[in-house]
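Step one of this worksheet: look at the structure below.
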Amino acid sequence: MMLRVMRVFIPLFILLLIIGCSTTHKQAPLVRDPEVLLREANEKLQNKDYDSARDKLEMARAVDVSKKYAPIIQLRLADTYFQEERYDEAIQEYNKFLDLHPYHKYAPYARYQIAMSYFDQVEDAERNYAEAGKALAEFEKIKRLYPRNPYREMIDHKIQTCRDILAAHEFYVGEFYFKNDSYKAAAERFSWLIKEYPNSPKVPDAMYQLALAYKKLGDMEKAALTAKTLIQKYPDSKFSREAEKAFTPKK
């Protein structure tokens with residue numbers, strides 16, 4: 001009796017096992033084409049499903065035996081962090097791309113994205129101004145390393161924006177020192193602004209404040225000379241008119 005039951009049970013068990021394996025295989029086919037996985041990752045990225053995009057990219061990396069797609073996989077991985085505004089991780093991944101593929105045709109793009117990762121964190125001259133300095137350094141590096149890069153016009157504009165933000169920060173600090181009667185420190189800040197950022201719209205204001213700082217320090221010769229330079233270089237500025245009132249000898 002037991003033997004008869006086993007004869008029926010064993011074939012039935014094997015049949016169920018085969019059916020189960022076949023069903024599982026149909027439900028979860030294994031994709032081993034890195035190009036397909038890359039395309040799926042791009043779709044996830046467009047839909048802002050960043051975690052799923054990264055999963056697809058890691059799968060593509062795992063099955064890309066030839067390493068043909070390695071550069072673009074690394075670059076798209078960095079893009080997921082950039083679009084998610086996880087800038088520190090984006091910078092790390094773009095730098096990894098540049099370390100592995102320094103002469104790749106997308107190297108200027110990776111460098112530009114690093115600069116933008118810093119640039120997008122800048123709020124104003126009081127907050128995150130340090131990122132403006134880092135962005136400026138990266139933008140200038142792009143111009144130096146890739147003179148024919150496709151971002152030339154945008155980079156020139158962003159370089160000036162960064163320099164204006166840094167100049168505004170210098171002015172903010174100088175003004176803080178001036179208001180707290182630290183006139184020597186204020187003069188140093190205003191002087192640095194004028195020297196380092198000569199094209200900044202803050203220069204006329206800085207020159208006027210510098211003249212006032214020299215006056216407070218009792219150095220009337222430097223005060224008068226600074227005011228005279230301000231009036232000559234920026235005759236239409238409101239600060240020139242203020243300087244004329246404050247430093248032109250009365251008849």
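Lettering and numbering for the structure tokens are positional, with chains as A, B, ... in the shown order, residues counted from 1 in each chain, and ligands counted from 1 in the shown order.
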Between segment 128-213 of chain A and segment 96-108 of chain A, at 10 Å or less, what are the per-residue closest atom pairs and their distances in Å? Count only C-alpha atoms, order by chain and rising residue number, and return it as CSV.
residue,atom,partner,partner_atom,distance
A:Lys141,CA,A:Pro108,CA,10.0
A:Ile142,CA,A:Pro108,CA,6.8
A:Lys143,CA,A:Pro108,CA,9.5
A:Leu145,CA,A:Pro108,CA,8.4
A:Tyr146,CA,A:Pro108,CA,6.7
A:Pro147,CA,A:Pro108,CA,9.9
A:Arg148,CA,A:Pro108,CA,9.6
A:Asn149,CA,A:Pro108,CA,6.6
A:Pro150,CA,A:Pro108,CA,8.4
A:Tyr151,CA,A:Pro108,CA,8.7
Can I get the selection written as a PDB file, in the first residue's frame, with C-alpha atoms?
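Output below, filename out-v4.pdb:
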ATOM      1  CA  LYS A 141      38.797  75.200 -14.742  1.00  0.00           C
ATOM      2  CA  ILE A 142      36.374  74.266 -17.536  1.00  0.00           C
ATOM      3  CA  LYS A 143      37.459  77.304 -19.559  1.00  0.00           C
ATOM      4  CA  LEU A 145      40.814  72.652 -19.737  1.00  0.00           C
ATOM      5  CA  TYR A 146      38.133  72.751 -22.430  1.00  0.00           C
ATOM      6  CA  PRO A 147      38.360  76.087 -24.295  1.00  0.00           C
ATOM      7  CA  ARG A 148      35.915  74.854 -26.950  1.00  0.00           C
ATOM      8  CA  ASN A 149      33.356  73.495 -24.505  1.00  0.00           C
ATOM      9  CA  PRO A 150      29.678  73.869 -25.500  1.00  0.00           C
ATOM     10  CA  TYR A 151      28.844  75.830 -22.335  1.00  0.00           C
TER      11      TYR A 151
END
All helix (DSSP H, G or I) residues (DSSP, backbone) inside segment 13-182 of chain A, as a ChimeraX atom specification: /A:13-27,34-46,50-63,70-83,87-100,107-119,129-145,152-179
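Proximity to Glu188 of chain A was assessed for A:Gly174, A:Gly218, A:Pro71, A:Pro235 counting only C-alpha atoms; the smallest distance is recorded for A:Gly174.
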Best match for closeness to Ser240 of chain A among A:Ala132, A:Ala227, A:Ile72, A:Ala137, counting only C-alpha atoms: A:Ala227
Atomic distance atom CA of Tyr50 of chain A - atom CA of Thr80 of chain A, expressed in Å with one decimal: 5.8 Å
Nearest to Ser200 of chain A by atom-to-atom distance, counting only C-alpha atoms, from A:Ala53, A:Ala41, A:Ala213, A:Ile159: A:Ile159
Which of A:Arg163, A:Arg54, A:Lys67, A:Arg61 sits closest to Tyr81 of chain A [using only C-alpha atoms]: A:Arg54
Selection near Leu77 of chain A, 12 Å with only C-alpha atoms, sequence-local residues under 5 positions removed, as an MDAnalysis selection string: chainID A and resid 38 41:42 44:45 50:61 70:72 82:84 86 89:97 110
